[in-house]
Amino acid sequence: MDNNDTNKASHRSAPPPPSSGVATGGTNALSTLAPGHFYGPKNPPPPLPSRPKNLGSSYTKVVRPNTPPPDYSTLGNSPFREPQLVEEAPIVEDPVPSLLPAAETTLNSWTNATTNDWSTGKGWENDPWNAQSTSWDTGATWAQHYDSGGYTVSASKLVDIDGRDPQEEENWWDASVRERCNRPGPGVLPPYLAEMLHNPEHSLFSVSVTPPGIKPDVKFGSASRDGGDTGLNFEPPSKDDLIHAVPHPNAYYCRKHNGWVLLQWKSSTILPPLAKSFVPDPMAPFPDLAHRKRTNSCVGDAEQPFGPANKTHHFHRYEKAVDAHKLDPAFRRAGWERADLKKERRRKITSLNLMDFSVDKMLEDPMAEDEEEEEGDLLDLYVCCQCSVYCIVSDVIPGVIPTKFLEEYTRDRWNNPPPNRNRDESVVSALETFLLVVQNKLWKGETRSLPIYRDVFRWKIGWTPTVRHIFECLGFVLTETENMRTGAKDETMAPPNTDPITIQGKDNRRKLLRFWVETSAWDLWVKMDSVREMYQMGIGAHPNQIPRLSSLSTLVEFEPVRQALRGLGMTPTTYSPELLMFAYMAQCRCDPAQTPTYFTYFFTVVQAIQEFGEIPPQDVQNLVFEERTRNRYTEDDLANAISVLGFGKDGPLRVELDADVDDDFIAEAWKDCVRRAWRDPKDGVQRQRDANDAFRIVAESRGSTKLRKMWEDSSKNVMDPNRAYTILEVPPETDESMLMTVYVMRVEEQPHQSDRMRDALATIAEARDSYRIRKFLETGQDPGDMLPPTRVDLPRGLNQLGNTCYLNSLLQYFYTIKELRDAIVPLANTNMKSLEDEKYSDDELRKHRVGGRLITRREILRSRKFVGHLADLFWQLEYCESAAVTPTMDLAKLALVTPRDEEDDEADKGGTDSSNDTDATLVEDPPSRLVKPDSPNSVLGKRYRDDRGGPMEIDDDVPETPALDAENNGYVMVSHPPSPRRSKSPRVASADTSSSQDVTLTLVDRTEVQASEDTSKKPPLPTRKPTANSESVMLFGKQHDVAECMDNCMFQIEIALLKFDDLSDADDKGSIVKRLFYGKLGQRISVLPDQRRSRSSVHEKQDLFSHLPVNVIDSGIDIYDGLSGYFDDIVEFEGSKARMEVSLIELPPLLQIQLQRVQFNRETLQPYKSQVYVKFGETIYMDRFLDTADPLKKAKSKSIQAALNSYRERLRLLTEDKVTKTLQHAPFAHPLENTLNFLSKQQSLELPQLDDALVAQLNDEQTILRGEIEEVKAEIVKLKEELEEVWKDDRAFPYELTSVFIHRGSSPSFGHYFFYSRHLPEKPDNWFKYNDSVVTEVGKNVVLADTTGSTENPYLLVFARKGCNVVQTVKRFDPMGLEDTIP
């Protein structure tokens, strides 16, 4: 706190050095020097003079009334008139004492002052705007008792507060009631206002100036040192000049800011003139002026004979509301200040856009320098809503020298004092020198330039860029003058022209006088008095009016309490129970819409009192109790109410309660909550009460009159199961048949009570969740003991069309993806005829690529037909009432048969009509997604597509090229033998950004293939022979696995959603399929060190991917182990061993991980399905596989993984059979045991070698083998723990499990497929099992179960990025939701 409020020091002490990072207005700003250090202790400051005896000014006259002024509400019966603002005439105003010392001791008259120019005027010491105490301090005023409208709540009656409206407070949530009352909004109490007016750590001072008594020196009458003007028109500053060096009569100086604050407070029924630019906020209007007229001031018992109507003021802020030009006297910036403001504005404009503005253009601005601005400084207005007091305040008006320059200069002098001076003397002497230069210029007519090159100047002041800035701010100009003795050019600072005859000279004179006042603020010629107590008393914030705490208690230092007090418009130092209650009720009165917020603040303080072991005052406790009886609630109560009704992320509804949720949905949520309470026999009554209270709180928080009326109606007619049984006069255990019989009897006996009886039976039906009783009330007939229909909210199944279970799983999976479903459903009921009639030009077709290649007209037509059928199916899944839906045959055919199969079939039948095709199919781009570049052969392992039979290509996935496609029927074969243990590449589509060579795992260089074609010149292929139908042929074509089916569907969806009429959407980057399913990975293949060749050894490429593969061979692995095998592997590349490293660059919202279970046994030349269990959980973290992962962690993880793989390989060799890959026929342990048993039981042959040593050796081998197996297993567990420890903190990219595809069967060629889908977002712990036409609910333990020994194994896992909300499992139409909307 700045405590330098008085001018008692006779010696000036140097300030401590300011820190380098201090802000201009901070608490560590430049300290002011004591006056004694400028001129010594010879002339101490004079004592404070007495106040003037005469009040008023040349324009005002004070008339002290003998009787209290009249009540303005009865103005017609009063001999007095209401005060008015008039010009050039005496104004009868309240008596106002002077704020400044009397004229006989200090100079404080404004000679020849006018409202437009302060160069004239006689004085302002009695100006009514400069009041220290206004009319409410004189005791000659009155108070009009204000009836609050009969509000009789006892606790609130103990608090002096006026202007309350009981109806408004009771219906604070109703916008129509608030609009009628038109309250001004939140306010603050006077102590808080005192802090808002100016930084409470700073002091404001009123400044009065005495002429310094300096006489011109004779020597200055000679020619100047540089031959300049000798000052023939020199006049020292007059008394009026010194007076007007202060910016305004009500301007107060802040030494911390080195600036001025314009501050006025007054009691008047007329508000000050508002600025033209001020636009009142309709949500915060001005207080009721008629009500404000009733009370002159809220402070002072003498003015209110019936007692104070309010404990204190309640101020409301209106920012930038008053124009300083319209004050009386007006405040106008000096000419040099206006010029500085214009320069600052131009600098801002230039910094905003240098291309649009130039210096020349700004110099040619028609706005002249002397052009008067329309508005002056805009001042903040604070108005008390209960009396006539208001206050206006400005921002800090900067001094002549910016604070940053003073701080920099002081810091520099402090840190670098000249020789033979200490730090204090260095700072003080420099400032005194500045002051001396200005005094010589103003009072002695010194016009010579300052010789900055001289040692004396540099020793006293120094010469730095900061010094130059200070002199330039004072108007000095850096010039070069010729030295008369040496003829050299010397730099000097030429003083500004201060000739009062010229406009520029007059302006410079004012600036130097302002600087002189600001710099010599503690000099004997400038007197400063603190105005803190004065303005505190004027606004009602003085400690005598509102006491301060002697010391802050633990309570008010508690941060939540401090925030609560601030929210109520209080300061912690003024806390008292009485003021707390007043502040709370005042905020609720003036800002009723935020009543819950203010009650939260109030209740927070009361709770804190209890938490600190104290007992709240009885009046405070009573007020809390009374507010609770008036249904007041806190923000915590609102959050709990929202949770009770089932809203929130973890609530039953899984819906956040925001403005988009309509009232009907909230009402239904409330009813459902009440129904759940009815079904709780133990706590049902309390739960129903909580539900009703929660519904009321939510209704009021939303300001919904509809919901509030529903709550009121329910409160009048409370119906619960107990009351329903009482109305029907039956016990609760009565069965449904008897209930309906009794109901009919009661209605017949009391027909006038039929509605009441019906409500009672409906309540029982809801409490029991009885479909039978609901049906009876709906139809009037007992439906009997019948099974209810399929639940409305249960997903529908899909009927099989014949061996299409995997297609059903895929279609159900697509339906759960919200964005994909929303894009497809609008295409329902597509007119197939119109699709066939659409024509596409070659230019339009060339604008779109799907899967890295151009598409044909035929594929567009086919895809749109497919999506049209799919949209119809989705519509049925949402709206149908039956348990299952049957897909159309056309949908199944388009999904299962690829375009290539169609072309092959038509070619086998004798050709195809290619009129609808284009040369787009002839470009040498990568093929369609239907046969992915280096895509895995299958999720399980691709079945061989050629009907003629032959081996399946399982482990090799290479991109298809036109040259090889014809020979291998759609498969790209590689020359090197595949490795049965190598991980497969994911499905990728070539990205546009690739580096180095086009290389991926098992990629065949397209240029090499084409070169071989050109050299070999093979003869054309013969015409295909018709192939015989095999068992894999369905009624609509060849059977494909799930991988090809998924590719085909996604390919067609992407084509169908293309927009050919929008050229800007030609790129497929905006494709929904790409956006949902595709990420980007980087592949890096490096030849191992012992096999490097002359060509480049490192090959890199970036690709898009839709799946990540996990090669399922070894047992005992989890999902991370499987992925690690793909991201770092040894592969065959160009006939050499190479290391392939893969990292993820971009992750898709939906991450599909395929468990490749189909393996190929090269000894038996047969495929087999691996039944190995791969452990996975509900969440997977992908951080370790990203290209941004920590390299050190990656290296450590790779080392641990290599050791882990080595031990697992050893365990596999010791425990698994080479052929069956099972544990039943281990290659070592069982043969040893069988050999020993056979030899021991052999009796027909004599075996002399079979001695005890051999038997012991065989037994020892078994023991050693078992011991090694246990050691290896233990080491595997240890290494796995170490590996997870490395990545335990990397969890920035979590994915949650959403879907699991299951294959049941031991053969890779046949089996049954079904699908699990997580119930998102409503019930994440529950899952749905889609088994064709049957859909059931299962727990997560079923999905995550260990499948060891079972043939039901996951083959595709789908994870969704946590928080992206792309999955909405259940999308069902509920007809019951429409009942309430029907009028």
# chains A, B, ... in the order shown; residues from 1 in each chain; ligands from 1

$ closest_atom_pairs --of "region 1070-1124 of chain A" --to "region 1177-1189 of chain A" --cutoff "9 Å" --atoms "only C-alpha atoms" --output "CSV"
residue,atom,partner,partner_atom,distance
A:Leu1081,CA,A:Asp1187,CA,8.6
A:Gly1082,CA,A:Asp1187,CA,8.1
A:Ile1119,CA,A:Ile1180,CA,8.4
A:Tyr1120,CA,A:Ile1180,CA,8.3
A:Leu1123,CA,A:Phe1185,CA,8.6
A:Ser1124,CA,A:Phe1185,CA,8.1

$ write_last_selection --atoms "N, CA, C and O atoms" --output "CSV table (one decimal), in the first residue's frame"
chain,number,residue,atom,x,y,z
A,1081,LEU,N,0.6,-43.9,-42.6
A,1081,LEU,CA,1.8,-44.6,-41.9
A,1081,LEU,C,3.0,-44.3,-42.8
A,1081,LEU,O,2.9,-44.0,-44.0
A,1082,GLY,N,4.1,-44.5,-42.2
A,1082,GLY,CA,5.4,-44.4,-42.9
A,1082,GLY,C,6.1,-45.7,-42.8
A,1082,GLY,O,6.2,-46.3,-41.7
A,1119,ILE,N,-2.4,-57.7,-27.7
A,1119,ILE,CA,-2.6,-56.9,-28.9
A,1119,ILE,C,-1.4,-56.0,-29.2
A,1119,ILE,O,-1.0,-55.8,-30.3
A,1120,TYR,N,-0.7,-55.6,-28.1
A,1120,TYR,CA,0.5,-54.8,-28.3
A,1120,TYR,C,1.7,-55.6,-28.9
A,1120,TYR,O,2.4,-55.2,-29.8
A,1123,LEU,N,0.9,-56.1,-32.6
A,1123,LEU,CA,1.2,-54.9,-33.4
A,1123,LEU,C,2.7,-54.6,-33.5
A,1123,LEU,O,3.2,-54.2,-34.6
A,1124,SER,N,3.4,-54.9,-32.5
A,1124,SER,CA,4.9,-54.7,-32.5
A,1124,SER,C,5.5,-55.5,-33.6
A,1124,SER,O,6.5,-55.1,-34.2

$ atom_distance --atom1 "CA of Lys893 (chain A)" --atom2 "CA of Leu820 (chain A)"
21.0 Å

$ select_by_dssp --residues "region 221-294 of chain A" --states "helix (DSSP H, G or I)" --output "list in words"
Gly221, Lys239, Asp240, Asp241, Leu242, Ile243, Leu289, Ala290, His291, Arg292 and Lys293 of chain A

$ atom_distance --atom1 "CA of Ile270 (chain A)" --atom2 "CA of His291 (chain A)"
12.5 Å

$ atom_distance --atom1 "CA of Met570 (chain A)" --atom2 "CA of Val605 (chain A)"
12.2 Å

$ closest_residue --among "A:Glu432, A:Asn1353, A:Val1366, A:Val1277" --to "Ile1072 (chain A)" --atoms "only C-alpha atoms"
A:Val1366

$ residues_around --residues "Ile1117 (chain A)" --least-positions-apart "3" --cutoff "7 Å" --atoms "only C-alpha atoms" --output "ChimeraX atom specification"
/A:1114,1121-1122,1174-1175

$ closest_residue --among "A:Asn692, A:Asn1111, A:Gln781, A:Ser704" --to "Gln1159 (chain A)" --atoms "only C-alpha atoms"
A:Asn1111

$ closest_residue --among "A:Arg687, A:Lys444, A:His314, A:Lys1193" --to "Arg675 (chain A)" --atoms "only C-alpha atoms"
A:Arg687

$ residues_around --residues "region 591-599 of chain A" --least-positions-apart "4" --cutoff "7 Å" --atoms "only C-alpha atoms" --output "list of chain:residue names"
A:Glu169, A:Trp172, A:Trp173, A:Arg183, A:Pro184, A:Gly185, A:Pro186, A:Leu568, A:Tyr584, A:Gln587, A:Phe603, A:Arg632, A:Tyr633, A:Thr634, A:Glu635

$ write_last_selection --atoms "N, CA, C and O atoms" --output "tab-separated table (two decimals), in the first residue's frame"
chain	number	residue	atom	x	y	z
A	169	GLU	N	-38.86	-11.59	-6.77
A	169	GLU	CA	-37.93	-12.50	-6.11
A	169	GLU	C	-38.47	-13.92	-6.11
A	169	GLU	O	-37.70	-14.88	-6.18
A	172	TRP	N	-38.06	-15.20	-9.96
A	172	TRP	CA	-36.83	-14.67	-10.57
A	172	TRP	C	-36.51	-15.36	-11.88
A	172	TRP	O	-35.83	-14.79	-12.75
A	173	TRP	N	-36.94	-16.58	-12.06
A	173	TRP	CA	-36.62	-17.37	-13.24
A	173	TRP	C	-37.47	-16.99	-14.45
A	173	TRP	O	-37.16	-17.38	-15.58
A	183	ARG	N	-34.52	-4.47	-13.97
A	183	ARG	CA	-33.48	-4.20	-12.99
A	183	ARG	C	-32.14	-3.89	-13.66
A	183	ARG	O	-31.89	-4.32	-14.80
A	184	PRO	N	-31.25	-3.17	-12.96
A	184	PRO	CA	-30.01	-2.72	-13.60
A	184	PRO	C	-28.90	-3.75	-13.67
A	184	PRO	O	-27.87	-3.49	-14.29
A	185	GLY	N	-29.03	-4.91	-13.03
A	185	GLY	CA	-27.98	-5.92	-13.12
A	185	GLY	C	-27.07	-5.92	-11.90
A	185	GLY	O	-27.35	-5.26	-10.89
A	186	PRO	N	-25.98	-6.64	-11.96
A	186	PRO	CA	-25.11	-6.78	-10.78
A	186	PRO	C	-24.50	-5.45	-10.38
A	186	PRO	O	-24.26	-4.57	-11.20
A	568	LEU	N	-20.33	-11.10	-4.69
A	568	LEU	CA	-21.43	-10.35	-4.07
A	568	LEU	C	-21.15	-8.85	-4.04
A	568	LEU	O	-21.96	-8.09	-3.50
A	584	TYR	N	-25.87	-9.81	-0.43
A	584	TYR	CA	-26.60	-10.90	-1.10
A	584	TYR	C	-27.97	-10.44	-1.56
A	584	TYR	O	-28.36	-10.65	-2.72
A	587	GLN	N	-27.82	-7.91	-4.49
A	587	GLN	CA	-27.55	-8.53	-5.79
A	587	GLN	C	-28.77	-9.25	-6.31
A	587	GLN	O	-29.09	-9.16	-7.52
A	603	PHE	N	-24.05	-19.01	0.27
A	603	PHE	CA	-23.99	-20.30	0.96
A	603	PHE	C	-22.55	-20.78	1.10
A	603	PHE	O	-22.20	-21.47	2.07
A	632	ARG	N	-34.58	-21.66	-3.04
A	632	ARG	CA	-33.30	-21.24	-3.56
A	632	ARG	C	-32.36	-22.47	-3.65
A	632	ARG	O	-32.42	-23.36	-2.80
A	633	TYR	N	-31.52	-22.48	-4.64
A	633	TYR	CA	-30.59	-23.59	-4.82
A	633	TYR	C	-29.24	-23.06	-5.26
A	633	TYR	O	-29.13	-21.96	-5.81
A	634	THR	N	-28.22	-23.85	-5.01
A	634	THR	CA	-26.86	-23.49	-5.39
A	634	THR	C	-26.51	-24.14	-6.72
A	634	THR	O	-27.25	-24.97	-7.25
A	635	GLU	N	-25.35	-23.79	-7.23
A	635	GLU	CA	-24.89	-24.39	-8.48
A	635	GLU	C	-24.59	-25.88	-8.30
A	635	GLU	O	-24.76	-26.66	-9.24
